[in-house]
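**Student:** Compact mmCIF, C-alpha atoms and all ligand atoms, saved as structure_19.txt, coming up:
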# COMPACT_ATOMS: atom_id res chain seq x y z
CA MET Y 1 98.94 101.48 69.85
CA ASN Y 2 97.57 98.20 68.66
CA ASN Y 3 97.80 96.06 71.72
CA SER Y 4 95.47 93.17 71.97
CA PRO Y 5 92.70 94.43 74.24
CA MET Y 6 92.59 93.13 77.75
CA ASP Y 7 89.35 92.95 79.64
CA CYS Y 8 88.85 93.88 83.28
CA THR Y 9 88.89 90.31 84.48
CA ALA Y 10 92.22 89.57 82.86
CA PHE Y 11 93.66 92.79 84.21
CA GLN Y 12 92.51 92.09 87.72
CA ASN Y 13 94.05 88.67 87.54
CA GLU Y 14 97.37 90.33 86.86
CA LEU Y 15 96.85 93.05 89.42
CA PRO Y 16 98.07 91.26 92.57
CA ASP Y 17 101.27 90.16 90.86
CA LEU Y 18 101.78 93.67 89.62
CA VAL Y 19 101.47 95.23 93.04
CA LEU Y 20 103.06 92.51 95.15
CA THR Y 21 106.09 91.79 93.00
CA PRO Y 22 108.67 94.47 93.73
CA ASN Y 23 110.20 94.63 90.24
CA ALA Y 24 107.18 93.57 88.28
CA ARG Y 25 107.03 94.74 84.72
CA PRO Y 26 103.44 95.03 83.59
CA SER Y 27 102.60 93.72 80.17
CA LEU Y 28 101.79 96.23 77.48
CA ALA Y 29 98.24 94.97 77.38
CA ALA Y 30 97.90 95.61 81.11
CA VAL Y 31 99.25 99.14 80.78
CA ALA Y 32 96.92 99.84 77.88
CA HIS Y 33 93.97 98.60 79.85
CA LEU Y 34 94.93 100.61 82.90
CA ARG Y 35 95.05 103.79 80.84
CA ALA Y 36 91.73 103.15 79.22
CA CYS Y 37 89.82 101.90 82.25
CA PRO Y 38 89.33 104.29 85.20
CA PRO Y 39 87.82 101.67 87.53
CA CYS Y 40 90.80 99.39 87.05
CA SER Y 41 93.35 102.15 87.55
CA GLU Y 42 91.42 103.13 90.66
CA GLU Y 43 91.73 99.61 91.89
CA TYR Y 44 95.40 99.47 91.05
CA LEU Y 45 96.01 102.56 93.17
CA SER Y 46 93.95 101.29 96.04
CA PHE Y 47 96.06 98.14 96.02
CA GLN Y 48 99.19 100.19 96.04
CA SER Y 49 98.13 102.42 98.89
CA THR Y 50 96.90 99.44 100.88
CA PHE Y 51 100.23 97.72 100.73
CA ALA Y 52 102.17 100.93 101.21
CA THR Y 53 100.19 101.43 104.39
CA LEU Y 54 100.90 97.90 105.50
CA ASP Y 55 104.60 98.45 104.90
CA GLN Y 56 104.59 101.47 107.15
CA TRP Y 57 102.54 99.89 109.85
CA THR Y 58 104.36 98.97 113.03
CA ALA Y 59 102.82 97.30 116.00
CA PRO Y 60 102.74 99.37 119.19
CA GLU Y 61 105.51 98.61 121.67
CA PRO Y 62 104.39 96.30 124.44
CA SER Y 63 104.50 97.73 127.94
CA SER Y 64 107.60 97.10 130.03
CA TYR Y 65 105.41 95.12 132.36
CA PHE Y 66 104.67 92.77 129.51
CA GLU Y 67 108.35 92.35 128.75
CA GLN Y 68 109.19 91.65 132.38
CA LYS Y 69 106.46 89.12 132.59
CA LEU Y 70 107.59 87.57 129.35
CA ALA Y 71 111.19 87.41 130.51
CA VAL Y 72 110.13 85.66 133.69
CA ARG Y 73 108.04 83.30 131.66
CA ILE Y 74 110.91 82.54 129.33
CA ARG Y 75 113.22 81.87 132.24
CA GLU Y 76 110.65 79.50 133.65
CA GLU Y 77 110.38 77.76 130.35
CA GLN Y 78 114.12 77.52 130.02
CA ALA Y 79 114.37 76.08 133.50
CA ALA Y 80 111.67 73.58 132.73
CA PRO Y 81 112.98 70.14 131.88
CA ARG Y 82 111.53 69.88 128.42
CA MET Y 83 109.58 72.00 126.07
CA SER Y 84 107.17 71.00 123.40
CA TRP Y 85 107.80 72.21 119.89
CA LEU Y 86 104.71 74.38 120.09
CA GLU Y 87 106.06 76.17 123.16
CA ARG Y 88 109.37 76.67 121.45
CA LEU Y 89 107.56 78.19 118.54
CA ARG Y 90 105.54 80.48 120.77
CA THR Y 91 108.62 81.67 122.60
CA ARG Y 92 110.39 82.28 119.35
CA ILE Y 93 107.56 84.33 117.93
CA ALA Y 94 107.27 86.32 121.14
CA LEU Y 95 110.98 87.10 121.15
CA ASN Y 96 111.01 88.19 117.57
CA GLY Y 97 108.17 90.61 117.98
CA ASN Y 98 106.03 91.10 114.92
CA HIS Y 99 108.76 90.70 112.35
CA ASN Y 100 107.79 87.16 111.59
CA LEU Y 101 104.11 87.83 111.64
CA ARG Y 102 103.97 90.68 109.20
CA PRO Y 103 104.83 88.74 106.04
CA ILE Y 104 102.33 86.11 107.06
CA MET Y 105 99.68 88.75 107.51
CA VAL Y 106 100.43 90.38 104.19
CA GLY Y 107 100.40 87.00 102.53
CA ALA Y 108 97.03 86.20 104.02
CA LEU Y 109 95.63 89.51 102.88
CA ALA Y 110 97.01 88.93 99.41
CA LEU Y 111 95.31 85.57 99.32
CA VAL Y 112 92.01 87.14 100.26
CA LEU Y 113 92.40 89.77 97.56
CA VAL Y 114 93.35 87.21 94.95
CA ALA Y 115 90.48 84.96 95.94
CA SER Y 116 88.04 87.82 95.63
CA GLY Y 117 89.36 88.82 92.26
CA GLY Y 118 90.21 92.24 93.66
CA GLY Y 119 86.55 92.96 94.26
CA ILE Y 120 87.15 94.26 97.78
CA ALA Y 121 89.07 97.29 96.64
CA GLY Y 122 86.43 98.15 94.08
CA ILE Y 123 83.70 98.06 96.67
CA ASN Y 124 85.59 100.33 99.02
CA TYR Y 125 86.02 102.96 96.39
CA GLN Y 126 82.50 103.06 95.15
CA ARG Y 127 80.78 103.21 98.50
CA PRO Y 128 81.40 106.81 99.61
CA ILE Y 129 78.83 109.39 98.61
CA GLN Y 130 80.19 111.28 95.65
CA PRO Y 131 80.39 115.03 96.30
CA SER Y 132 79.93 116.03 92.69
CA ALA Y 133 80.57 114.51 89.35
CA THR Y 134 83.17 117.13 88.48
CA VAL Y 135 85.21 116.77 91.63
CA ASN Y 136 85.02 113.05 91.26
CA ASP Y 137 86.21 113.23 87.69
CA LEU Y 138 89.14 115.33 88.76
CA GLN Y 139 90.02 112.91 91.51
CA ILE Y 140 89.85 110.01 89.13
CA LEU Y 141 92.01 111.86 86.65
CA ASP Y 142 94.52 112.62 89.38
CA ARG Y 143 94.66 109.04 90.48
CA ASN Y 144 94.95 107.86 86.93
CA GLU Y 145 97.93 110.10 86.48
CA GLN Y 146 99.57 108.64 89.56
CA ALA Y 147 98.89 105.18 88.25
CA PHE Y 148 100.40 105.96 84.89
CA GLN Y 149 103.48 107.44 86.46
CA SER Y 150 104.11 104.53 88.76
CA LEU Y 151 103.50 102.12 85.93
CA ASP Y 152 105.93 103.98 83.74
CA GLU Y 153 108.51 103.73 86.49
CA LEU Y 154 107.84 100.05 86.77
CA GLN Y 155 108.09 99.51 83.12
CA GLN Y 156 111.39 101.35 82.73
CA ASP Y 157 110.88 101.46 79.02
CA ASP Y 158 111.56 104.59 77.07
CA ASP Y 159 107.91 104.86 76.46
CA SER Y 160 107.68 108.56 75.77
CA THR Y 161 103.91 108.61 75.54
CA GLN Y 162 103.21 109.98 78.96
CA GLN Y 163 99.77 110.72 80.35
CA ASN Y 164 98.59 112.57 77.25
CA GLY Y 165 97.43 109.76 75.05
CA SER Y 166 94.41 108.61 76.93
CA GLN Y 167 92.26 110.88 78.97
CA PRO Y 168 89.40 108.91 80.46
CA SER Y 169 86.24 109.40 78.53
CA SER Y 170 84.42 110.58 81.63
CA ILE Y 171 86.00 114.02 81.35
CA ASP Y 172 83.95 115.27 78.42
CA GLY Y 173 80.49 114.28 79.48
CA ASN Y 174 79.81 115.32 83.05
CA ALA Y 175 77.72 112.26 83.36
CA ALA Y 176 76.18 111.29 86.64
CA THR Y 177 78.25 108.12 86.71
CA PRO Y 178 81.94 108.96 86.49
CA VAL Y 179 82.85 105.50 87.62
CA ALA Y 180 82.15 102.90 85.01
CA PRO Y 181 80.12 99.83 85.94
CA PRO Y 182 82.05 97.15 87.82
CA ALA Y 183 84.11 94.58 86.08
CA SER Y 184 82.20 91.82 84.40
ZN ZN R 1 89.13 97.51 83.53
Kindly present the structure from the file in structure tokens form.

**Tutor:**
Amino acid sequence: MNNSPMDCTAFQNELPDLVLTPNARPSLAAVAHLRACPPCSEEYLSFQSTFATLDQWTAPEPSSYFEQKLAVRIREEQAAPRMSWLERLRTRIALNGNHNLRPIMVGALALVLVASGGGIAGINYQRPIQPSATVNDLQILDRNEQAFQSLDELQQDDDSTQQNGSQPSSIDGNAATPVAPPAS
């Protein structure tokens, strides 16, 4: 492949769009970089799992006592002669549960991630004590494979070059640093 090379910074700028846009089609340069750069594919997967977790998250049900109290409160508010717009908004949010809040929360998190250039995810993955270089290499390989597969699905091209073309270089040398230095 002769794609114009993409550096880590450019890739990480594309990363939030890639993960947050449901039908995003990554550019060829982004795919090429992901395959060649274990830290970035790691980050891509951490993004994915973060947002998958957020999608599955549901707030705990409030106690029935809370609902009774809320109902009484709402009746009081309804009986009250007038209601400020802020109170209307509060009541509305309370009645709708967390459905309105979740997109706001996800949006706020996305903003934080974008503002940090994706650095948060990278930090989280490099902090744990690494059990051994070999195990770590295998884990990185495994995650890379997941990343390639999900990218291939996203891309929906008949790109028949599956995960064979680019094994990360960290597999041959059992170097002490399987994870490449952070993005510059
Ligand atoms: Zn990279």

**Student:** Interatomic distance between CA of Asp17 in chain Y and CA of Asn144 in chain Y?

**Tutor:**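 Here the two named atoms are 19.2 Å from each other.
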
**Student:** Kindly work out which residues sit at most 8 Å from ligand ZN 1 (chain R), using all atoms listed in the file, and give the list as a ChimeraX atom specification.

**Tutor:** /Y:7-9,11-12,33-34,36-41,183

**Student:** Those same residues, written as a PDB file, in the frame of the given file with C-alpha atoms?

**Tutor:**
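Result written to result_5.pdb:
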ATOM      1  CA  ASP Y   7      89.350  92.950  79.640  1.00  0.00           C
ATOM      2  CA  CYS Y   8      88.850  93.880  83.280  1.00  0.00           C
ATOM      3  CA  THR Y   9      88.890  90.310  84.480  1.00  0.00           C
ATOM      4  CA  PHE Y  11      93.660  92.790  84.210  1.00  0.00           C
ATOM      5  CA  GLN Y  12      92.510  92.090  87.720  1.00  0.00           C
ATOM      6  CA  HIS Y  33      93.970  98.600  79.850  1.00  0.00           C
ATOM      7  CA  LEU Y  34      94.930 100.610  82.900  1.00  0.00           C
ATOM      8  CA  ALA Y  36      91.730 103.150  79.220  1.00  0.00           C
ATOM      9  CA  CYS Y  37      89.820 101.900  82.250  1.00  0.00           C
ATOM     10  CA  PRO Y  38      89.330 104.290  85.200  1.00  0.00           C
ATOM     11  CA  PRO Y  39      87.820 101.670  87.530  1.00  0.00           C
ATOM     12  CA  CYS Y  40      90.800  99.390  87.050  1.00  0.00           C
ATOM     13  CA  SER Y  41      93.350 102.150  87.550  1.00  0.00           C
ATOM     14  CA  ALA Y 183      84.110  94.580  86.080  1.00  0.00           C
TER      15      ALA Y 183
END

**Student:** Counting only C-alpha atoms, which of Y:Ala147, Y:Met6, Y:Val19, Y:Ala24 gets nearest to Thr50 in chain Y?

**Tutor:** Y:Val19

**Student:** Report, in Å to a single decimal, how far apart CA of Leu20 in chain Y and CA of Leu138 in chain Y are.

**Tutor:**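 Spanning CA of Leu138 in chain Y to CA of Leu20 in chain Y is a straight-line distance of 27.5 Å.
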
**Student:** Quick check, in Å to one decimal: how far apart do CA of Arg73 in chain Y and CA of Leu86 in chain Y lie?

**Tutor:** 15.0 Å

**Student:** Got a sec to check which residues sit within 9 Å of (99.9, 93.0, 82.3), counting only C-alpha atoms, and write them as a PyMOL selection string?

**Tutor:** chain Y and resi 6+10-11+13-15+18+25-33
